[in-house]
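Student: Coordinates in query.tsv, TSV, C-alpha atoms and all ligand atoms, are listed below.
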```tsv
chain	number	residue	atom	x	y	z
A	851	MET	CA	-8.40	-7.66	44.50
A	852	ALA	CA	-7.66	-8.20	40.85
A	853	ASP	CA	-10.57	-8.35	38.46
A	854	ARG	CA	-11.53	-11.74	36.93
A	855	ILE	CA	-12.80	-12.76	33.51
A	856	GLU	CA	-16.37	-13.90	34.04
A	857	ARG	CA	-17.88	-14.39	30.58
A	858	VAL	CA	-16.50	-15.04	27.10
A	859	GLU	CA	-18.93	-14.84	24.17
A	860	VAL	CA	-18.47	-15.26	20.44
A	861	LEU	CA	-20.83	-13.43	18.09
A	862	VAL	CA	-20.89	-14.44	14.44
A	863	ALA	CA	-22.92	-12.13	12.23
A	864	SER	CA	-23.11	-10.86	8.69
A	865	PRO	CA	-23.98	-7.16	8.54
A	866	THR	CA	-23.22	-7.09	4.75
A	867	ARG	CA	-20.27	-9.49	5.29
A	868	ASN	CA	-19.30	-12.00	7.98
A	869	TYR	CA	-17.58	-10.91	11.18
A	870	VAL	CA	-16.54	-12.96	14.21
A	871	THR	CA	-16.54	-10.83	17.36
A	872	LEU	CA	-15.29	-11.80	20.81
A	873	ARG	CA	-16.81	-10.22	23.90
A	874	VAL	CA	-15.06	-10.66	27.25
A	875	THR	CA	-16.85	-9.47	30.40
A	876	THR	CA	-15.14	-9.19	33.78
A	877	ALA	CA	-16.52	-9.64	37.30
A	878	ASP	CA	-16.34	-5.86	37.70
A	879	GLY	CA	-18.55	-5.50	34.61
A	880	ILE	CA	-15.93	-4.24	32.18
A	881	VAL	CA	-16.53	-5.36	28.59
A	882	GLY	CA	-13.68	-5.86	26.11
A	883	LEU	CA	-14.17	-6.54	22.40
A	884	GLY	CA	-11.94	-8.32	19.91
A	885	ASP	CA	-12.19	-9.11	16.19
A	886	ALA	CA	-11.52	-12.75	15.18
A	887	THR	CA	-12.59	-12.64	11.53
A	888	VAL	CA	-10.72	-14.85	9.05
A	889	ASN	CA	-12.31	-14.32	5.66
A	890	GLY	CA	-13.94	-17.56	4.47
A	891	ARG	CA	-12.95	-19.54	7.60
A	892	GLU	CA	-15.10	-17.67	10.13
A	893	LEU	CA	-16.71	-20.64	11.86
A	894	ALA	CA	-13.36	-22.35	12.51
A	895	VAL	CA	-12.17	-19.38	14.59
A	896	ALA	CA	-15.56	-19.14	16.31
A	897	SER	CA	-15.30	-22.79	17.38
A	898	TYR	CA	-11.66	-22.39	18.43
A	899	LEU	CA	-12.74	-19.58	20.75
A	900	ARG	CA	-16.07	-21.01	21.92
A	901	ASP	CA	-15.11	-24.63	22.37
A	902	HIS	CA	-11.45	-24.51	23.36
A	903	VAL	CA	-10.12	-21.16	24.50
A	904	GLY	CA	-13.09	-19.34	26.04
A	905	PRO	CA	-13.55	-21.81	28.92
A	906	LEU	CA	-9.83	-21.52	29.81
A	907	LEU	CA	-10.11	-17.77	30.26
A	908	ILE	CA	-12.82	-17.86	32.90
A	909	GLY	CA	-11.38	-16.75	36.22
A	910	MET	CA	-8.18	-15.31	34.77
A	911	ASP	CA	-6.91	-11.82	35.63
A	912	PRO	CA	-7.64	-9.71	32.49
A	913	SER	CA	-4.69	-7.39	33.19
A	914	ARG	CA	-2.18	-10.24	32.59
A	915	ILE	CA	-2.21	-9.58	28.85
A	916	GLU	CA	1.28	-10.81	27.93
A	917	ASP	CA	1.01	-13.87	30.18
A	918	THR	CA	-2.35	-14.78	28.58
A	919	TRP	CA	-0.75	-14.45	25.13
A	920	GLN	CA	2.12	-16.75	26.08
A	921	TYR	CA	-0.30	-19.22	27.72
A	922	LEU	CA	-2.41	-19.43	24.56
A	923	TYR	CA	0.57	-19.55	22.18
A	924	ARG	CA	3.23	-21.64	23.93
A	925	GLY	CA	0.98	-23.33	26.43
A	926	VAL	CA	-1.23	-25.18	23.92
A	927	TYR	CA	1.66	-26.73	21.95
A	928	TRP	CA	-0.09	-26.20	18.54
A	929	ARG	CA	0.90	-22.80	17.33
A	930	ARG	CA	0.80	-20.36	14.41
A	931	GLY	CA	-1.66	-20.39	11.52
A	932	PRO	CA	-4.48	-17.93	10.79
A	933	VAL	CA	-7.16	-19.61	12.93
A	934	THR	CA	-5.04	-19.89	16.08
A	935	MET	CA	-3.50	-16.46	15.71
A	936	ALA	CA	-6.80	-14.67	14.96
A	937	ALA	CA	-8.29	-16.31	18.06
A	938	ILE	CA	-5.33	-15.17	20.18
A	939	GLY	CA	-5.51	-11.79	18.43
A	940	ALA	CA	-9.14	-11.30	19.42
A	941	ILE	CA	-8.45	-12.14	23.06
A	942	ASP	CA	-5.42	-9.86	23.13
A	943	MET	CA	-7.41	-6.95	21.69
A	944	ALA	CA	-10.24	-7.51	24.15
A	945	LEU	CA	-7.79	-7.49	27.09
A	946	TRP	CA	-6.15	-4.24	25.92
A	947	ASP	CA	-9.67	-2.81	25.55
A	948	ILE	CA	-10.48	-3.85	29.14
A	949	LEU	CA	-7.20	-2.40	30.45
A	950	GLY	CA	-7.94	0.92	28.75
A	951	LYS	CA	-11.47	1.03	30.14
A	952	ARG	CA	-10.22	0.22	33.64
A	953	ALA	CA	-7.55	2.96	33.37
A	954	GLN	CA	-10.02	5.33	31.64
A	955	MET	CA	-7.46	5.83	28.87
A	956	PRO	CA	-7.47	5.17	25.14
A	957	VAL	CA	-5.22	2.24	24.19
A	958	TYR	CA	-2.78	4.50	22.30
A	959	GLN	CA	-1.96	6.16	25.64
A	960	LEU	CA	-1.19	2.79	27.20
A	961	LEU	CA	1.17	2.10	24.26
A	962	GLY	CA	3.24	5.19	25.03
A	963	GLY	CA	1.13	8.04	23.69
A	964	ARG	CA	0.98	9.84	20.38
A	965	VAL	CA	3.95	10.10	18.03
A	966	ARG	CA	1.90	11.74	15.24
A	967	ASP	CA	-1.04	14.14	14.96
A	968	ALA	CA	-2.99	12.07	12.44
A	969	ILE	CA	-2.63	8.76	10.62
A	970	PRO	CA	-2.66	8.83	6.83
A	971	TYR	CA	-4.69	6.11	5.16
A	972	TYR	CA	-4.95	4.81	1.63
A	973	SER	CA	-8.11	3.62	0.00
A	974	HIS	CA	-8.91	1.73	-3.20
A	975	ALA	CA	-9.45	3.29	-6.63
A	976	PHE	CA	-10.37	0.89	-9.41
A	977	GLY	CA	-11.78	0.75	-12.93
A	978	TRP	CA	-12.27	-1.87	-15.64
A	979	ASP	CA	-10.52	0.40	-18.11
A	980	ILE	CA	-8.17	3.36	-17.79
A	981	PRO	CA	-10.81	6.15	-18.12
A	982	ALA	CA	-12.97	4.51	-15.41
A	983	LEU	CA	-9.94	4.16	-13.14
A	984	LEU	CA	-9.03	7.83	-13.66
A	985	ASP	CA	-12.58	8.82	-12.64
A	986	SER	CA	-12.23	6.72	-9.51
A	987	VAL	CA	-8.84	8.29	-8.69
A	988	ARG	CA	-10.40	11.77	-9.05
A	989	GLU	CA	-13.14	10.82	-6.58
A	990	HIS	CA	-10.53	9.78	-4.02
A	991	GLN	CA	-8.65	13.04	-4.56
A	992	GLU	CA	-11.88	15.00	-4.06
A	993	ARG	CA	-12.17	13.35	-0.63
A	994	GLY	CA	-8.76	14.77	0.27
A	995	GLU	CA	-6.88	11.47	-0.01
A	996	THR	CA	-3.24	11.67	-1.01
A	997	TYR	CA	-2.39	7.94	-0.81
A	998	ILE	CA	-4.37	5.96	-3.39
A	999	ARG	CA	-4.23	2.30	-4.37
A	1000	VAL	CA	-4.90	1.82	-8.10
A	1001	GLN	CA	-6.18	-1.44	-9.61
A	1002	SER	CA	-7.47	-1.87	-13.14
A	1003	GLY	CA	-9.01	-4.45	-15.44
A	1004	VAL	CA	-6.76	-6.27	-17.90
A	1005	PRO	CA	-7.84	-6.51	-21.56
A	1006	GLY	CA	-9.02	-10.06	-22.29
A	1007	LEU	CA	-9.74	-10.99	-18.65
A	1008	ASP	CA	-13.30	-10.79	-17.35
A	1009	LYS	CA	-12.42	-10.91	-13.63
A	1010	VAL	CA	-9.38	-9.28	-12.05
A	1011	TYR	CA	-8.39	-8.86	-8.39
A	1012	GLY	CA	-9.25	-5.45	-6.98
A	1013	VAL	CA	-11.79	-4.47	-9.64
A	1014	SER	CA	-15.51	-4.85	-9.08
A	1015	LYS	CA	-18.79	-4.31	-10.90
A	1016	ASP	CA	-20.12	-3.03	-7.58
A	1017	PRO	CA	-19.04	0.41	-6.32
A	1018	ASN	CA	-18.41	-1.22	-2.89
A	1019	TYR	CA	-15.63	-3.68	-3.69
A	1020	GLU	CA	-15.87	-6.81	-1.51
A	1021	PRO	CA	-13.66	-9.71	-2.56
A	1022	ALA	CA	-15.60	-12.48	-0.74
A	1023	GLY	CA	-18.72	-13.67	-2.56
A	1024	ARG	CA	-21.71	-15.21	-0.78
A	1025	GLY	CA	-22.47	-18.81	-1.70
A	1026	ALA	CA	-21.52	-22.34	-0.76
A	1027	ARG	CA	-18.41	-22.46	-2.97
A	1028	PRO	CA	-15.76	-19.94	-3.99
A	1029	SER	CA	-16.20	-18.43	-7.44
A	1030	GLU	CA	-13.41	-19.08	-9.94
A	1031	GLU	CA	-11.52	-16.64	-12.09
A	1032	HIS	CA	-8.80	-16.96	-14.69
A	1033	PHE	CA	-5.68	-14.83	-14.76
A	1034	ASP	CA	-2.95	-14.26	-17.32
A	1035	PRO	CA	0.21	-12.91	-15.64
A	1036	GLY	CA	1.73	-11.93	-19.01
A	1037	ALA	CA	-1.24	-9.78	-20.07
A	1038	TYR	CA	-1.31	-8.17	-16.62
A	1039	MET	CA	2.42	-7.39	-16.67
A	1040	ARG	CA	2.21	-5.81	-20.11
A	1041	HIS	CA	-0.84	-3.73	-19.17
A	1042	LEU	CA	0.17	-2.30	-15.76
A	1043	PRO	CA	2.80	0.20	-17.03
A	1044	LYS	CA	0.17	1.70	-19.38
A	1045	VAL	CA	-2.23	2.09	-16.47
A	1046	LEU	CA	0.38	3.74	-14.25
A	1047	THR	CA	1.47	6.07	-17.06
A	1048	ALA	CA	-2.09	7.43	-17.30
A	1049	VAL	CA	-2.58	7.69	-13.53
A	1050	ARG	CA	0.74	9.43	-12.89
A	1051	GLU	CA	-0.05	11.88	-15.70
A	1052	LEU	CA	-3.39	12.68	-14.05
A	1053	VAL	CA	-2.22	13.11	-10.45
A	1054	GLY	CA	1.26	14.60	-10.89
A	1055	PRO	CA	4.30	13.70	-8.80
A	1056	ASP	CA	3.02	14.30	-5.25
A	1057	VAL	CA	0.22	11.75	-4.85
A	1058	LYS	CA	1.38	8.48	-3.32
A	1059	LEU	CA	0.33	5.61	-5.56
A	1060	LEU	CA	0.10	2.01	-4.40
A	1061	HIS	CA	-0.64	-1.19	-6.29
A	1062	ASP	CA	-1.41	-4.77	-5.19
A	1063	ALA	CA	-0.24	-7.64	-7.43
A	1064	HIS	CA	-1.92	-10.08	-5.01
A	1065	HIS	CA	0.58	-12.95	-5.12
A	1066	ARG	CA	0.01	-13.73	-8.79
A	1067	LEU	CA	3.58	-13.67	-10.09
A	1068	THR	CA	6.58	-15.97	-9.94
A	1069	PRO	CA	9.74	-14.48	-8.38
A	1070	ILE	CA	11.31	-13.63	-11.75
A	1071	GLN	CA	8.06	-12.14	-13.08
A	1072	ALA	CA	7.85	-10.13	-9.86
A	1073	ALA	CA	11.38	-8.82	-10.35
A	1074	ARG	CA	10.55	-7.82	-13.91
A	1075	LEU	CA	7.34	-6.05	-12.87
A	1076	ALA	CA	9.03	-4.13	-10.05
A	1077	LYS	CA	11.67	-2.98	-12.54
A	1078	SER	CA	9.17	-2.06	-15.25
A	1079	VAL	CA	7.13	0.22	-12.94
A	1080	GLU	CA	10.11	1.92	-11.31
A	1081	GLU	CA	9.65	5.17	-13.25
A	1082	PHE	CA	6.14	5.68	-11.81
A	1083	ASP	CA	7.53	6.15	-8.30
A	1084	LEU	CA	5.07	3.90	-6.47
A	1085	PHE	CA	4.73	4.39	-2.72
A	1086	TRP	CA	4.61	0.60	-2.64
A	1087	LEU	CA	4.13	-2.47	-4.77
A	1088	GLU	CA	2.25	-5.04	-2.69
A	1089	ASP	CA	2.39	-8.85	-2.60
A	1090	VAL	CA	4.32	-9.04	-5.84
A	1091	THR	CA	5.02	-12.76	-5.30
A	1092	PRO	CA	3.95	-15.22	-2.56
A	1093	ALA	CA	6.18	-14.59	0.45
A	1094	GLU	CA	6.28	-18.01	2.09
A	1095	ASP	CA	9.43	-18.10	-0.04
A	1096	GLN	CA	11.05	-15.16	1.73
A	1097	GLU	CA	14.26	-15.59	-0.25
A	1098	ALA	CA	12.34	-14.83	-3.48
A	1099	PHE	CA	12.24	-11.21	-2.42
A	1100	ARG	CA	15.99	-10.92	-2.81
A	1101	LEU	CA	15.57	-11.39	-6.55
A	1102	VAL	CA	12.96	-8.61	-6.66
A	1103	ARG	CA	15.05	-6.38	-4.40
A	1104	ASN	CA	18.16	-6.78	-6.54
A	1105	ALA	CA	16.23	-5.92	-9.70
A	1106	SER	CA	14.70	-2.59	-8.67
A	1107	THR	CA	14.24	0.25	-6.19
A	1108	THR	CA	10.42	0.01	-6.23
A	1109	PRO	CA	9.37	-0.11	-2.53
A	1110	LEU	CA	7.90	-3.48	-1.57
A	1111	ALA	CA	5.08	-4.27	0.85
A	1112	VAL	CA	4.05	-7.75	1.93
A	1113	GLY	CA	2.56	-9.74	4.77
A	1114	GLU	CA	-1.23	-9.49	5.06
A	1115	VAL	CA	-1.41	-13.31	5.21
A	1116	PHE	CA	1.35	-13.65	7.81
A	1117	ASN	CA	0.49	-14.71	11.36
A	1118	THR	CA	3.70	-14.38	13.35
A	1119	ILE	CA	7.02	-12.59	13.46
A	1120	TRP	CA	8.69	-15.79	12.23
A	1121	ASP	CA	6.84	-15.54	8.90
A	1122	CYS	CA	8.62	-12.28	8.11
A	1123	GLN	CA	11.83	-12.51	10.11
A	1124	ARG	CA	14.15	-12.91	7.12
A	1125	LEU	CA	12.25	-10.35	5.04
A	1126	ILE	CA	12.74	-7.78	7.79
A	1127	GLU	CA	16.20	-8.65	9.10
A	1128	GLU	CA	17.67	-8.81	5.61
A	1129	ARG	CA	15.85	-5.64	4.53
A	1130	LEU	CA	14.12	-7.36	1.60
A	1131	ILE	CA	10.94	-5.29	2.03
A	1132	ASP	CA	10.00	-1.74	2.97
A	1133	TYR	CA	6.56	-2.19	4.57
A	1134	ILE	CA	5.22	-5.05	6.67
A	1135	ARG	CA	1.46	-5.57	6.24
A	1136	THR	CA	0.48	-7.90	9.09
A	1137	ALA	CA	-3.05	-7.11	10.29
A	1138	ILE	CA	-3.35	-6.79	14.08
A	1139	VAL	CA	-6.12	-9.43	14.15
A	1140	HIS	CA	-4.23	-12.01	12.07
A	1141	VAL	CA	-0.88	-11.62	13.82
A	1142	GLY	CA	-2.03	-12.45	17.35
A	1143	GLY	CA	-3.21	-9.00	18.43
A	1144	ILE	CA	-1.57	-5.83	19.65
A	1145	SER	CA	0.98	-7.66	21.84
A	1146	HIS	CA	2.55	-9.62	18.98
A	1147	ALA	CA	2.12	-6.89	16.35
A	1148	ARG	CA	4.21	-4.63	18.59
A	1149	LYS	CA	7.07	-7.12	18.38
A	1150	VAL	CA	6.80	-7.36	14.59
A	1151	PHE	CA	6.87	-3.58	14.25
A	1152	ALA	CA	9.72	-3.23	16.76
A	1153	LEU	CA	11.82	-5.72	14.78
A	1154	ALA	CA	10.89	-3.76	11.66
A	1155	GLU	CA	11.93	-0.46	13.27
A	1156	VAL	CA	15.52	-1.54	13.84
A	1157	HIS	CA	15.81	-2.69	10.22
A	1158	GLY	CA	14.40	0.39	8.50
A	1159	VAL	CA	11.06	-1.26	7.68
A	1160	LYS	CA	7.73	0.46	8.37
A	1161	ALA	CA	4.29	-0.83	9.31
A	1162	GLY	CA	1.53	-0.62	6.71
A	1163	PRO	CA	-1.16	-2.97	8.03
A	1164	HIS	CA	-3.93	-4.63	6.11
A	1165	GLY	CA	-7.27	-2.83	6.46
A	1166	PRO	CA	-9.87	-4.32	4.13
A	1167	SER	CA	-13.57	-4.65	4.97
A	1168	ASP	CA	-12.92	-8.13	6.42
A	1169	VAL	CA	-10.86	-6.54	9.23
A	1170	SER	CA	-13.74	-5.39	11.46
A	1171	PRO	CA	-13.99	-1.86	12.91
A	1172	ILE	CA	-12.67	-3.36	16.20
A	1173	ALA	CA	-9.40	-4.63	14.70
A	1174	LEU	CA	-9.14	-1.46	12.64
A	1175	ALA	CA	-9.38	0.49	15.91
A	1176	ALA	CA	-6.49	-1.59	17.28
A	1177	SER	CA	-4.45	-0.69	14.20
A	1178	ILE	CA	-5.28	3.02	14.48
A	1179	HIS	CA	-4.30	3.09	18.17
A	1180	MET	CA	-1.01	1.38	17.34
A	1181	ALA	CA	-0.41	3.79	14.45
A	1182	ALA	CA	-0.86	6.76	16.77
A	1183	ALA	CA	1.84	5.40	19.10
A	1184	THR	CA	4.28	3.64	16.72
A	1185	HIS	CA	7.03	5.72	15.14
A	1186	ASN	CA	7.82	3.49	12.14
A	1187	TRP	CA	4.35	3.63	10.60
A	1188	GLY	CA	4.05	4.10	6.84
A	1189	VAL	CA	0.34	4.24	6.07
A	1190	GLN	CA	-2.84	2.42	7.17
A	1191	GLU	CA	-5.03	0.70	4.58
A	1192	TYR	CA	-8.64	1.82	5.03
A	1193	MET	CA	-11.00	0.33	2.53
A	1194	GLY	CA	-14.05	1.79	4.30
A	1195	TYR	CA	-17.25	-0.04	5.27
A	1196	PRO	CA	-20.87	0.01	4.15
A	1197	ALA	CA	-23.12	2.10	6.47
A	1198	GLN	CA	-24.53	-1.03	8.17
A	1199	VAL	CA	-21.06	-2.02	9.41
A	1200	HIS	CA	-20.47	1.41	10.97
A	1201	GLU	CA	-23.89	1.08	12.66
A	1202	ALA	CA	-23.23	-2.47	13.91
A	1203	PHE	CA	-19.89	-1.39	15.44
A	1204	PRO	CA	-20.28	2.25	16.60
A	1205	HIS	CA	-16.74	3.60	16.98
A	1206	ALA	CA	-14.80	6.54	18.37
A	1207	TRP	CA	-12.21	6.38	15.57
A	1208	SER	CA	-12.86	8.53	12.53
A	1209	ALA	CA	-11.69	8.97	8.95
A	1210	ALA	CA	-11.69	12.32	7.14
A	1211	ASP	CA	-9.54	14.12	4.55
A	1212	GLY	CA	-7.32	11.09	4.08
A	1213	MET	CA	-6.52	10.86	7.79
A	1214	LEU	CA	-7.58	8.56	10.63
A	1215	GLN	CA	-7.98	9.52	14.29
A	1216	PRO	CA	-8.29	7.07	17.19
A	1217	GLY	CA	-10.63	9.30	19.23
A	1218	ASP	CA	-10.40	9.69	22.99
A	1219	ALA	CA	-12.80	7.02	24.27
A	1220	PRO	CA	-11.25	4.64	26.83
A	1221	GLY	CA	-9.92	1.33	25.50
A	1222	LEU	CA	-10.33	0.74	21.76
A	1223	GLY	CA	-13.49	2.87	21.68
A	1224	VAL	CA	-15.72	0.47	19.73
A	1225	ASP	CA	-19.18	-0.81	20.78
A	1226	LEU	CA	-21.62	-3.36	19.39
A	1227	ASP	CA	-25.20	-2.90	18.26
A	1228	GLU	CA	-26.49	-6.36	19.10
A	1229	SER	CA	-29.85	-5.86	17.39
A	1230	ILE	CA	-28.10	-5.32	14.05
A	1231	LEU	CA	-25.87	-8.35	14.59
A	1232	ALA	CA	-28.81	-10.54	15.67
A	1233	ALA	CA	-30.75	-9.54	12.55
A	1234	SER	CA	-27.85	-10.54	10.23
A	1235	PRO	CA	-26.92	-14.20	10.74
A	1236	TYR	CA	-23.81	-15.82	9.24
A	1237	VAL	CA	-23.96	-16.52	5.50
A	1238	PRO	CA	-21.36	-18.80	3.86
A	1239	ALA	CA	-19.00	-16.63	1.79
A	1240	TYR	CA	-15.61	-17.29	0.27
A	1241	LEU	CA	-12.78	-15.48	-1.45
A	1242	PRO	CA	-12.55	-16.46	-5.13
A	1243	THR	CA	-9.97	-18.92	-6.38
A	1244	ALA	CA	-7.80	-18.14	-9.40
A	1245	ARG	CA	-6.45	-20.34	-12.17
A	1246	THR	CA	-4.08	-19.66	-15.01
A	1247	LEU	CA	-5.49	-19.86	-18.54
A	1248	ASP	CA	-4.51	-23.56	-18.74
A	1249	GLY	CA	-6.65	-24.28	-15.67
A	1250	ALA	CA	-3.97	-24.77	-13.00
A	1251	VAL	CA	-4.60	-23.21	-9.60
A	1252	LEU	CA	-2.84	-19.89	-9.09
A	1253	ASP	CA	-2.35	-18.04	-5.81
A	1254	TRP	CA	-5.39	-15.80	-5.39
J	1301	LIG	O1	-7.50	-9.89	-0.61
J	1301	LIG	O2	-8.99	-8.73	2.38
J	1301	LIG	O3	-4.80	-5.39	0.33
J	1301	LIG	N1	-5.88	-5.90	0.41
J	1301	LIG	C1	-6.15	-7.14	0.00
J	1301	LIG	C2	-7.54	-7.68	0.32
J	1301	LIG	C3	-7.52	-9.18	0.60
J	1301	LIG	C4	-8.75	-9.62	1.36
J	1301	LIG	C5	-8.54	-11.02	1.93
J	1301	LIG	O4	-9.51	-11.32	2.87
J	1301	LIG	O5	-5.31	-7.76	-0.57
J	1301	LIG	O6	-8.42	-7.39	-0.74
J	1302	CO	CO	-3.33	-6.85	-0.39
```
Could you express the structure from this file as structure tokens?
Ligand code: EZ4
Ligand code: CO
Tutor:
Amino acid sequence: MADRIERVEVLVASPTRNYVTLRVTTADGIVGLGDATVNGRELAVASYLRDHVGPLLIGMDPSRIEDTWQYLYRGVYWRRGPVTMAAIGAIDMALWDILGKRAQMPVYQLLGGRVRDAIPYYSHAFGWDIPALLDSVREHQERGETYIRVQSGVPGLDKVYGVSKDPNYEPAGRGARPSEEHFDPGAYMRHLPKVLTAVRELVGPDVKLLHDAHHRLTPIQAARLAKSVEEFDLFWLEDVTPAEDQEAFRLVRNASTTPLAVGEVFNTIWDCQRLIEERLIDYIRTAIVHVGGISHARKVFALAEVHGVKAGPHGPSDVSPIALAASIHMAAATHNWGVQEYMGYPAQVHEAFPHAWSAADGMLQPGDAPGLGVDLDESILAASPYVPAYLPTARTLDGAVLDW
């Protein structure tokens, strides 16, 4: 007889930062885990799962992964959006985890097996000024990393995306309200080529450099920036303008050959359909958790494959080690993979979510544990209750809200 879902639990905890974790237990005693974290909107996803979706899953056959996805997406009428899609994503991940544990196989095997020996990752170098950034880049090189994201302070601005006073950069700040920061796109655009000149001079031609503009520019500013940094041969320029306006990317595309990456805030294939089909980007950044799990991410990456676009999923500290595992398993089995973002985690996060995946010498490995290969240390989670925390908001110098 087919197994049945018997228990669905949602654990919200803050081992250094907030995570929402879904635990699905079957009648046969198999436990599947999923990540449902949406940075700054954690409790909304927790309620979506606890109050609305969890009870529907009881009694279902956990091996009907695609049918469950369709039931939760089409069946409920209300669709898309980060809260809905992270909730579906967590369930989808947990069901793949259960399938792997039942089959005694790692998820990457269920997805078709390895297409590469190791998965390159990029991590974040940053500094308030150019010398500090160069020191940070050297540290990443000493760890054997060959893909490095570089972010720097901008003269005249006291807060800038991607740069922190703390060695562990964490964009969400604890507190009841988001902090505010001011940004000057002109100063940033004038400064970035100087930063990249110094970094390229330090690392030489082989190191892959990435940079995240974090949605701060208008389409024409984005086009100008992409053109002005062309000579530095970036591996990718990320989120150069907000991509709800997919057509805006044509302007950027026509202006330069700088490779473009976008999509960490997207939730479905329909958010990036034009970008991919019309080849307006080079890398699609949808995180497995925020795009409805492994089942839907596969479709995004398959559409990308036929249009010469590669996957380069989001992997900040707010994507938990469970969703990162899902990304690593997909990377092992997906041909059109560019690079995985891996920001790393504080020690407490590794301890709260013991995992079979590993990171060393700039490469990730999924490990050979069945399923996704991630566990929970409930005592650590229980000792770290939820704390309100929000991403900052940004304004231009005249005080108008700017995309953060
Ligand atoms: O702002 O993870 O590429 N990485 C990023 C991140 C995101 C946060 C949002 O939750 O852009 O720093
Ligand atoms: Co980003």
Student: Could you check how far atom CA of A:Asn1117 sits from atom CA of A:Trp928, in Å to one decimal?
Tutor: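 Going from atom CA of A:Asn1117 over to atom CA of A:Trp928, I get 13.6 Å.
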Student: Set the cut-off to 8 Å, count all atoms listed in the file, and list whatever residues fall near ligand LIG 1301 (chain J) as an MDAnalysis selection string.
Tutor: chainID A and resid 888:890 1011:1012 1020:1022 1062 1064 1088 1114 1164:1169 1191 1241 1254
Student: Keeping only C-alpha atoms, write the selected residues to a file as an mmCIF file, keeping the file's coordinate frame.
Tutor:
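Below is the file that was written, selection-v6.cif:
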```
data_model
loop_
_atom_site.group_PDB
_atom_site.id
_atom_site.type_symbol
_atom_site.label_atom_id
_atom_site.label_comp_id
_atom_site.auth_asym_id
_atom_site.auth_seq_id
_atom_site.Cartn_x
_atom_site.Cartn_y
_atom_site.Cartn_z
ATOM 1 C CA VAL A 888 -10.720 -14.850 9.050
ATOM 2 C CA ASN A 889 -12.310 -14.320 5.660
ATOM 3 C CA GLY A 890 -13.940 -17.560 4.470
ATOM 4 C CA TYR A 1011 -8.390 -8.860 -8.390
ATOM 5 C CA GLY A 1012 -9.250 -5.450 -6.980
ATOM 6 C CA GLU A 1020 -15.870 -6.810 -1.510
ATOM 7 C CA PRO A 1021 -13.660 -9.710 -2.560
ATOM 8 C CA ALA A 1022 -15.600 -12.480 -0.740
ATOM 9 C CA ASP A 1062 -1.410 -4.770 -5.190
ATOM 10 C CA HIS A 1064 -1.920 -10.080 -5.010
ATOM 11 C CA GLU A 1088 2.250 -5.040 -2.690
ATOM 12 C CA GLU A 1114 -1.230 -9.490 5.060
ATOM 13 C CA HIS A 1164 -3.930 -4.630 6.110
ATOM 14 C CA GLY A 1165 -7.270 -2.830 6.460
ATOM 15 C CA PRO A 1166 -9.870 -4.320 4.130
ATOM 16 C CA SER A 1167 -13.570 -4.650 4.970
ATOM 17 C CA ASP A 1168 -12.920 -8.130 6.420
ATOM 18 C CA VAL A 1169 -10.860 -6.540 9.230
ATOM 19 C CA GLU A 1191 -5.030 0.700 4.580
ATOM 20 C CA LEU A 1241 -12.780 -15.480 -1.450
ATOM 21 C CA TRP A 1254 -5.390 -15.800 -5.390
#
```
Student: Tell me, as an MDAnalysis selection string, which residues lie within 9 Å of stretch 1136-1150 of chain A, counting all atoms listed in the file; anything in the same chain fewer than 4 positions away does not count.
Tutor: chainID A and resid 884:888 915:916 919 923 930:943 946 1112:1120 1122:1123 1154:1155 1161:1165 1169 1173:1174 1176:1177 1180 1184
Student: Between A:Pro1216, A:Tyr1019, A:Leu861, A:Ala1244, which one has atoms that come closest to A:His1065, using only C-alpha atoms?
Tutor: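 Counting only C-alpha atoms, the residue closest to A:His1065 is A:Ala1244.
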Student: Neighbourhood query: residues within 6 Å of (-10.2, 4.2, 20.4), file coordinates, counting only C-alpha atoms; return as a PDB file with C-alpha atoms, in the coordinates of the input.
Tutor:
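result_28.pdb was written with the following content:
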```pdb
ATOM      1  CA  PRO A 956      -7.470   5.170  25.140  1.00  0.00           C
ATOM      2  CA  ALA A1175      -9.380   0.490  15.910  1.00  0.00           C
ATOM      3  CA  ALA A1206     -14.800   6.540  18.370  1.00  0.00           C
ATOM      4  CA  TRP A1207     -12.210   6.380  15.570  1.00  0.00           C
ATOM      5  CA  PRO A1216      -8.290   7.070  17.190  1.00  0.00           C
ATOM      6  CA  GLY A1217     -10.630   9.300  19.230  1.00  0.00           C
ATOM      7  CA  ALA A1219     -12.800   7.020  24.270  1.00  0.00           C
ATOM      8  CA  GLY A1221      -9.920   1.330  25.500  1.00  0.00           C
ATOM      9  CA  LEU A1222     -10.330   0.740  21.760  1.00  0.00           C
ATOM     10  CA  GLY A1223     -13.490   2.870  21.680  1.00  0.00           C
TER      11      GLY A1223
END
```
Student: Find, counting all atoms listed in the file, the residue in A:Tyr1240, A:Tyr927, A:Ala1250, A:Asp1227 that gets nearest to A:Arg1027.
Tutor: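 The answer is A:Tyr1240, which sits nearest to A:Arg1027.
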